[in-house]
Each structure stands twice: as structure tokens, then as C-alpha cells.
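What follows is the content of my_file.pdb (PDB, N, CA and C atoms, pLDDT in the B column).
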```
ATOM      1  N   MET H   5      -2.990 -14.869  -1.394  1.00 79.00           N
ATOM      2  CA  MET H   5      -3.367 -13.531  -0.971  1.00 79.00           C
ATOM      3  C   MET H   5      -4.874 -13.528  -0.754  1.00 79.00           C
ATOM      4  N   ASN H   6      -5.294 -12.931   0.353  1.00 89.00           N
ATOM      5  CA  ASN H   6      -6.726 -12.938   0.623  1.00 89.00           C
ATOM      6  C   ASN H   6      -7.454 -11.929  -0.276  1.00 89.00           C
ATOM      7  N   PRO H   7      -8.769 -12.091  -0.450  1.00 93.00           N
ATOM      8  CA  PRO H   7      -9.526 -11.248  -1.385  1.00 93.00           C
ATOM      9  C   PRO H   7      -9.470  -9.760  -1.054  1.00 93.00           C
ATOM     10  N   LYS H   8      -9.465  -9.412   0.230  1.00 92.00           N
ATOM     11  CA  LYS H   8      -9.408  -7.999   0.614  1.00 92.00           C
ATOM     12  C   LYS H   8      -8.088  -7.385   0.157  1.00 92.00           C
ATOM     13  N   ALA H   9      -7.004  -8.110   0.349  1.00 93.00           N
ATOM     14  CA  ALA H   9      -5.689  -7.624  -0.067  1.00 93.00           C
ATOM     15  C   ALA H   9      -5.622  -7.463  -1.579  1.00 93.00           C
ATOM     16  N   GLN H  10      -6.215  -8.379  -2.315  1.00 95.00           N
ATOM     17  CA  GLN H  10      -6.215  -8.292  -3.771  1.00 95.00           C
ATOM     18  C   GLN H  10      -6.951  -7.054  -4.258  1.00 95.00           C
ATOM     19  N   ILE H  11      -8.101  -6.778  -3.656  1.00 95.00           N
ATOM     20  CA  ILE H  11      -8.897  -5.608  -4.049  1.00 95.00           C
ATOM     21  C   ILE H  11      -8.140  -4.318  -3.734  1.00 95.00           C
ATOM     22  N   LEU H  12      -7.566  -4.245  -2.536  1.00 95.00           N
ATOM     23  CA  LEU H  12      -6.824  -3.044  -2.149  1.00 95.00           C
ATOM     24  C   LEU H  12      -5.607  -2.839  -3.043  1.00 95.00           C
ATOM     25  N   LYS H  13      -4.901  -3.906  -3.358  1.00 95.00           N
ATOM     26  CA  LYS H  13      -3.720  -3.813  -4.233  1.00 95.00           C
ATOM     27  C   LYS H  13      -4.121  -3.376  -5.630  1.00 95.00           C
ATOM     28  N   GLN H  14      -5.223  -3.885  -6.128  1.00 96.00           N
ATOM     29  CA  GLN H  14      -5.685  -3.505  -7.461  1.00 96.00           C
ATOM     30  C   GLN H  14      -6.006  -2.010  -7.514  1.00 96.00           C
ATOM     31  N   ARG H  15      -6.686  -1.507  -6.499  1.00 95.00           N
ATOM     32  CA  ARG H  15      -7.013  -0.074  -6.446  1.00 95.00           C
ATOM     33  C   ARG H  15      -5.746   0.772  -6.370  1.00 95.00           C
ATOM     34  N   ALA H  16      -4.793   0.336  -5.537  1.00 96.00           N
ATOM     35  CA  ALA H  16      -3.547   1.081  -5.380  1.00 96.00           C
ATOM     36  C   ALA H  16      -2.740   1.067  -6.675  1.00 96.00           C
ATOM     37  N   ASP H  17      -2.682  -0.067  -7.339  1.00 96.00           N
ATOM     38  CA  ASP H  17      -1.951  -0.151  -8.603  1.00 96.00           C
ATOM     39  C   ASP H  17      -2.586   0.734  -9.675  1.00 96.00           C
ATOM     40  N   GLU H  18      -3.906   0.774  -9.688  1.00 96.00           N
ATOM     41  CA  GLU H  18      -4.598   1.621 -10.656  1.00 96.00           C
ATOM     42  C   GLU H  18      -4.291   3.095 -10.410  1.00 96.00           C
ATOM     43  N   ALA H  19      -4.308   3.516  -9.148  1.00 95.00           N
ATOM     44  CA  ALA H  19      -3.991   4.906  -8.811  1.00 95.00           C
ATOM     45  C   ALA H  19      -2.544   5.226  -9.163  1.00 95.00           C
ATOM     46  N   LYS H  20      -1.641   4.289  -8.902  1.00 95.00           N
ATOM     47  CA  LYS H  20      -0.226   4.473  -9.226  1.00 95.00           C
ATOM     48  C   LYS H  20      -0.049   4.643 -10.742  1.00 95.00           C
ATOM     49  N   TYR H  21      -0.746   3.828 -11.505  1.00 96.00           N
ATOM     50  CA  TYR H  21      -0.675   3.904 -12.967  1.00 96.00           C
ATOM     51  C   TYR H  21      -1.221   5.239 -13.478  1.00 96.00           C
ATOM     52  N   LEU H  22      -2.369   5.659 -12.953  1.00 96.00           N
ATOM     53  CA  LEU H  22      -2.969   6.922 -13.382  1.00 96.00           C
ATOM     54  C   LEU H  22      -2.069   8.105 -13.034  1.00 96.00           C
ATOM     55  N   HIS H  23      -1.415   8.037 -11.886  1.00 95.00           N
ATOM     56  CA  HIS H  23      -0.501   9.111 -11.488  1.00 95.00           C
ATOM     57  C   HIS H  23       0.722   9.138 -12.420  1.00 95.00           C
ATOM     58  N   ALA H  24       1.237   7.971 -12.773  1.00 94.00           N
ATOM     59  CA  ALA H  24       2.398   7.900 -13.659  1.00 94.00           C
ATOM     60  C   ALA H  24       2.079   8.475 -15.039  1.00 94.00           C
ATOM     61  N   ASN H  25       0.836   8.341 -15.470  1.00 95.00           N
ATOM     62  CA  ASN H  25       0.419   8.884 -16.766  1.00 95.00           C
ATOM     63  C   ASN H  25      -0.045  10.332 -16.681  1.00 95.00           C
ATOM     64  N   GLY H  26      -0.051  10.909 -15.487  1.00 94.00           N
ATOM     65  CA  GLY H  26      -0.417  12.305 -15.322  1.00 94.00           C
ATOM     66  C   GLY H  26      -1.908  12.570 -15.314  1.00 94.00           C
ATOM     67  N   GLU H  27      -2.710  11.529 -15.145  1.00 95.00           N
ATOM     68  CA  GLU H  27      -4.165  11.708 -15.158  1.00 95.00           C
ATOM     69  C   GLU H  27      -4.711  12.168 -13.813  1.00 95.00           C
ATOM     70  N   ILE H  28      -4.018  11.828 -12.732  1.00 94.00           N
ATOM     71  CA  ILE H  28      -4.410  12.304 -11.394  1.00 94.00           C
ATOM     72  C   ILE H  28      -3.171  12.861 -10.702  1.00 94.00           C
ATOM     73  N   GLY H  29      -3.388  13.713  -9.714  1.00 94.00           N
ATOM     74  CA  GLY H  29      -2.289  14.312  -8.979  1.00 94.00           C
ATOM     75  C   GLY H  29      -1.749  13.383  -7.898  1.00 94.00           C
ATOM     76  N   TYR H  30      -0.618  13.783  -7.325  1.00 93.00           N
ATOM     77  CA  TYR H  30       0.028  12.961  -6.305  1.00 93.00           C
ATOM     78  C   TYR H  30      -0.853  12.805  -5.067  1.00 93.00           C
ATOM     79  N   ASP H  31      -1.503  13.887  -4.637  1.00 94.00           N
ATOM     80  CA  ASP H  31      -2.337  13.823  -3.435  1.00 94.00           C
ATOM     81  C   ASP H  31      -3.491  12.839  -3.589  1.00 94.00           C
ATOM     82  N   VAL H  32      -4.102  12.823  -4.752  1.00 93.00           N
ATOM     83  CA  VAL H  32      -5.205  11.897  -5.017  1.00 93.00           C
ATOM     84  C   VAL H  32      -4.676  10.457  -5.020  1.00 93.00           C
ATOM     85  N   ALA H  33      -3.538  10.239  -5.661  1.00 94.00           N
ATOM     86  CA  ALA H  33      -2.942   8.905  -5.710  1.00 94.00           C
ATOM     87  C   ALA H  33      -2.525   8.445  -4.317  1.00 94.00           C
ATOM     88  N   ARG H  34      -1.985   9.357  -3.522  1.00 94.00           N
ATOM     89  CA  ARG H  34      -1.551   9.019  -2.160  1.00 94.00           C
ATOM     90  C   ARG H  34      -2.735   8.569  -1.314  1.00 94.00           C
ATOM     91  N   ARG H  35      -3.841   9.284  -1.404  1.00 92.00           N
ATOM     92  CA  ARG H  35      -5.030   8.899  -0.634  1.00 92.00           C
ATOM     93  C   ARG H  35      -5.569   7.556  -1.097  1.00 92.00           C
ATOM     94  N   ALA H  36      -5.502   7.289  -2.400  1.00 90.00           N
ATOM     95  CA  ALA H  36      -6.001   6.018  -2.932  1.00 90.00           C
ATOM     96  C   ALA H  36      -5.125   4.853  -2.470  1.00 90.00           C
ATOM     97  N   CYS H  37      -3.835   5.072  -2.341  1.00 94.00           N
ATOM     98  CA  CYS H  37      -2.901   4.008  -1.950  1.00 94.00           C
ATOM     99  C   CYS H  37      -2.823   3.818  -0.438  1.00 94.00           C
ATOM    100  N   GLN H  38      -3.222   4.799   0.333  1.00 95.00           N
ATOM    101  CA  GLN H  38      -3.033   4.758   1.779  1.00 95.00           C
ATOM    102  C   GLN H  38      -3.736   3.568   2.440  1.00 95.00           C
ATOM    103  N   GLU H  39      -4.902   3.202   1.976  1.00 94.00           N
ATOM    104  CA  GLU H  39      -5.638   2.082   2.579  1.00 94.00           C
ATOM    105  C   GLU H  39      -4.873   0.773   2.395  1.00 94.00           C
ATOM    106  N   TYR H  40      -4.289   0.569   1.220  1.00 95.00           N
ATOM    107  CA  TYR H  40      -3.492  -0.638   0.973  1.00 95.00           C
ATOM    108  C   TYR H  40      -2.219  -0.629   1.825  1.00 95.00           C
ATOM    109  N   ILE H  41      -1.584   0.513   1.941  1.00 96.00           N
ATOM    110  CA  ILE H  41      -0.361   0.638   2.743  1.00 96.00           C
ATOM    111  C   ILE H  41      -0.664   0.329   4.206  1.00 96.00           C
ATOM    112  N   ASP H  42      -1.768   0.862   4.725  1.00 96.00           N
ATOM    113  CA  ASP H  42      -2.160   0.590   6.111  1.00 96.00           C
ATOM    114  C   ASP H  42      -2.413  -0.898   6.330  1.00 96.00           C
ATOM    115  N   PHE H  43      -3.071  -1.543   5.386  1.00 96.00           N
ATOM    116  CA  PHE H  43      -3.345  -2.974   5.484  1.00 96.00           C
ATOM    117  C   PHE H  43      -2.038  -3.766   5.516  1.00 96.00           C
ATOM    118  N   CYS H  44      -1.103  -3.420   4.637  1.00 95.00           N
ATOM    119  CA  CYS H  44       0.191  -4.117   4.590  1.00 95.00           C
ATOM    120  C   CYS H  44       0.987  -3.908   5.873  1.00 95.00           C
ATOM    121  N   ASN H  45       0.965  -2.692   6.396  1.00 96.00           N
ATOM    122  CA  ASN H  45       1.710  -2.413   7.625  1.00 96.00           C
ATOM    123  C   ASN H  45       1.128  -3.172   8.820  1.00 96.00           C
ATOM    124  N   GLU H  46      -0.184  -3.273   8.901  1.00 96.00           N
ATOM    125  CA  GLU H  46      -0.808  -4.047   9.978  1.00 96.00           C
ATOM    126  C   GLU H  46      -0.404  -5.516   9.883  1.00 96.00           C
ATOM    127  N   THR H  47      -0.399  -6.049   8.678  1.00 95.00           N
ATOM    128  CA  THR H  47      -0.002  -7.443   8.465  1.00 95.00           C
ATOM    129  C   THR H  47       1.464  -7.640   8.831  1.00 95.00           C
ATOM    130  N   ALA H  48       2.322  -6.691   8.439  1.00 96.00           N
ATOM    131  CA  ALA H  48       3.748  -6.783   8.758  1.00 96.00           C
ATOM    132  C   ALA H  48       3.978  -6.755  10.267  1.00 96.00           C
ATOM    133  N   LYS H  49       3.238  -5.910  10.972  1.00 97.00           N
ATOM    134  CA  LYS H  49       3.366  -5.836  12.433  1.00 97.00           C
ATOM    135  C   LYS H  49       2.942  -7.142  13.083  1.00 97.00           C
ATOM    136  N   ARG H  50       1.860  -7.711  12.594  1.00 96.00           N
ATOM    137  CA  ARG H  50       1.363  -8.965  13.162  1.00 96.00           C
ATOM    138  C   ARG H  50       2.369 -10.098  12.958  1.00 96.00           C
ATOM    139  N   ILE H  51       2.897 -10.199  11.772  1.00 97.00           N
ATOM    140  CA  ILE H  51       3.854 -11.263  11.470  1.00 97.00           C
ATOM    141  C   ILE H  51       5.152 -11.063  12.244  1.00 97.00           C
ATOM    142  N   ALA H  52       5.640  -9.824  12.322  1.00 97.00           N
ATOM    143  CA  ALA H  52       6.872  -9.545  13.048  1.00 97.00           C
ATOM    144  C   ALA H  52       6.716  -9.862  14.534  1.00 97.00           C
ATOM    145  N   LYS H  53       5.563  -9.537  15.104  1.00 96.00           N
ATOM    146  CA  LYS H  53       5.324  -9.824  16.512  1.00 96.00           C
ATOM    147  C   LYS H  53       5.310 -11.333  16.751  1.00 96.00           C
ATOM    148  N   GLU H  54       4.744 -12.065  15.809  1.00 97.00           N
ATOM    149  CA  GLU H  54       4.667 -13.519  15.917  1.00 97.00           C
ATOM    150  C   GLU H  54       6.066 -14.145  15.964  1.00 97.00           C
ATOM    151  N   TYR H  55       7.012 -13.565  15.227  1.00 97.00           N
ATOM    152  CA  TYR H  55       8.364 -14.109  15.164  1.00 97.00           C
ATOM    153  C   TYR H  55       9.371 -13.346  16.009  1.00 97.00           C
ATOM    154  N   GLY H  56       8.903 -12.365  16.786  1.00 97.00           N
ATOM    155  CA  GLY H  56       9.782 -11.624  17.692  1.00 97.00           C
ATOM    156  C   GLY H  56      10.776 -10.730  16.976  1.00 97.00           C
ATOM    157  N   MET H  57      10.352 -10.087  15.917  1.00 97.00           N
ATOM    158  CA  MET H  57      11.232  -9.212  15.139  1.00 97.00           C
ATOM    159  C   MET H  57      10.596  -7.832  14.991  1.00 97.00           C
ATOM    160  N   LYS H  58      11.370  -6.891  14.439  1.00 96.00           N
ATOM    161  CA  LYS H  58      10.829  -5.571  14.138  1.00 96.00           C
ATOM    162  C   LYS H  58      10.175  -5.612  12.756  1.00 96.00           C
ATOM    163  N   PRO H  59       9.029  -4.958  12.608  1.00 95.00           N
ATOM    164  CA  PRO H  59       8.380  -4.956  11.293  1.00 95.00           C
ATOM    165  C   PRO H  59       9.083  -4.014  10.329  1.00 95.00           C
ATOM    166  N   LYS H  60       9.077  -4.362   9.065  1.00 94.00           N
ATOM    167  CA  LYS H  60       9.582  -3.471   8.015  1.00 94.00           C
ATOM    168  C   LYS H  60       8.362  -2.823   7.376  1.00 94.00           C
ATOM    169  N   LEU H  61       8.127  -1.574   7.751  1.00 95.00           N
ATOM    170  CA  LEU H  61       6.934  -0.870   7.301  1.00 95.00           C
ATOM    171  C   LEU H  61       7.160  -0.221   5.940  1.00 95.00           C
ATOM    172  N   MET H  62       6.070  -0.033   5.225  1.00 94.00           N
ATOM    173  CA  MET H  62       6.105   0.548   3.896  1.00 94.00           C
ATOM    174  C   MET H  62       5.455   1.931   3.950  1.00 94.00           C
ATOM    175  N   SER H  63       5.981   2.847   3.170  1.00 94.00           N
ATOM    176  CA  SER H  63       5.394   4.172   3.069  1.00 94.00           C
ATOM    177  C   SER H  63       4.788   4.351   1.681  1.00 94.00           C
ATOM    178  N   VAL H  64       3.980   5.379   1.530  1.00 92.00           N
ATOM    179  CA  VAL H  64       3.359   5.632   0.245  1.00 92.00           C
ATOM    180  C   VAL H  64       4.430   6.024  -0.781  1.00 92.00           C
ATOM    181  N   LYS H  65       5.419   6.799  -0.370  1.00 91.00           N
ATOM    182  CA  LYS H  65       6.485   7.180  -1.284  1.00 91.00           C
ATOM    183  C   LYS H  65       7.230   5.962  -1.799  1.00 91.00           C
ATOM    184  N   ALA H  66       7.499   5.020  -0.918  1.00 92.00           N
ATOM    185  CA  ALA H  66       8.198   3.801  -1.332  1.00 92.00           C
ATOM    186  C   ALA H  66       7.324   2.997  -2.302  1.00 92.00           C
ATOM    187  N   TYR H  67       6.045   2.942  -2.074  1.00 92.00           N
ATOM    188  CA  TYR H  67       5.146   2.201  -2.947  1.00 92.00           C
ATOM    189  C   TYR H  67       5.022   2.869  -4.317  1.00 92.00           C
ATOM    190  N   MET H  68       5.037   4.182  -4.338  1.00 90.00           N
ATOM    191  CA  MET H  68       4.858   4.916  -5.588  1.00 90.00           C
ATOM    192  C   MET H  68       6.084   4.862  -6.492  1.00 90.00           C
ATOM    193  N   ARG H  69       7.238   4.468  -5.952  1.00 88.00           N
ATOM    194  CA  ARG H  69       8.453   4.404  -6.770  1.00 88.00           C
ATOM    195  C   ARG H  69       8.358   3.358  -7.806  1.00 88.00           C
TER     196      ARG H  69
END
```
Could the structure of this file be written out as C-alpha cells, please?
Amino acid sequence: MNPKAQILKQRADEAKYLHANGEIGYDVARRACQEYIDFCNETAKRIAKEYGMKPKLMSVKAYMR
């Protein structure tokens, strides 16, 4: 995993954890996770295009589960 992805995932995981413990609201957690989700979706699109397939995109709700 590249360093940018690691940093984004760490931030998203921290926001997810804080939301699960009730320390931050859903909207704050969603905004914190959105950058990681966008990065993953761009990567999925690139890989799917390379192999001639449809990308499987991730949403914030799916990540927060």
C-alpha cells in the first residue's frame, strides 16, 4: 500500500472509531472518510479500466459499517 493510502486509511479509521464511540457525529465522520473513499474509488476505476471490467465502488455508508 502506498504511503498516501496508508495515511488516508488511518484518518478514516480514526474517524470511524470516534463515531462508533459517540465522540463525533455522523456528518463529521463522513467528511473525514470521504477523502479516503474518493481515493479508493479512483484506484478501483483505474484498475477496472485496465482489465476491461466495471469498477466496484465504495460508499461512505458501506465503509462505516
Specify as a PyMOL selection string each residue included when the PyMOL selection byres (((chain H and resi 20 and name CA) around 12) and name CA) is applied to this file.
chain H and resi 13-19+21-38+40+64-69
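Separating atom CA of H:Leu12 from atom CA of H:Thr47 is a distance of 13.4 Å.
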May I have the centre and edge lengths, in Å to one decimal, of an axis-aligned box around the listed atoms of stretch 5-22 of chain H with 5 Å added to every side, as JSON?
```
{"center_x": -4.8, "center_y": -3.4, "center_z": -6.4, "size_x": 19.5, "size_y": 33.0, "size_z": 24.1}
```
Can you work out which one of H:Ile11, H:Ala48, H:Glu39, H:Asn6 has the shortest atom-to-atom distance to H:Leu61, counting all atoms listed in the file?
H:Ala48
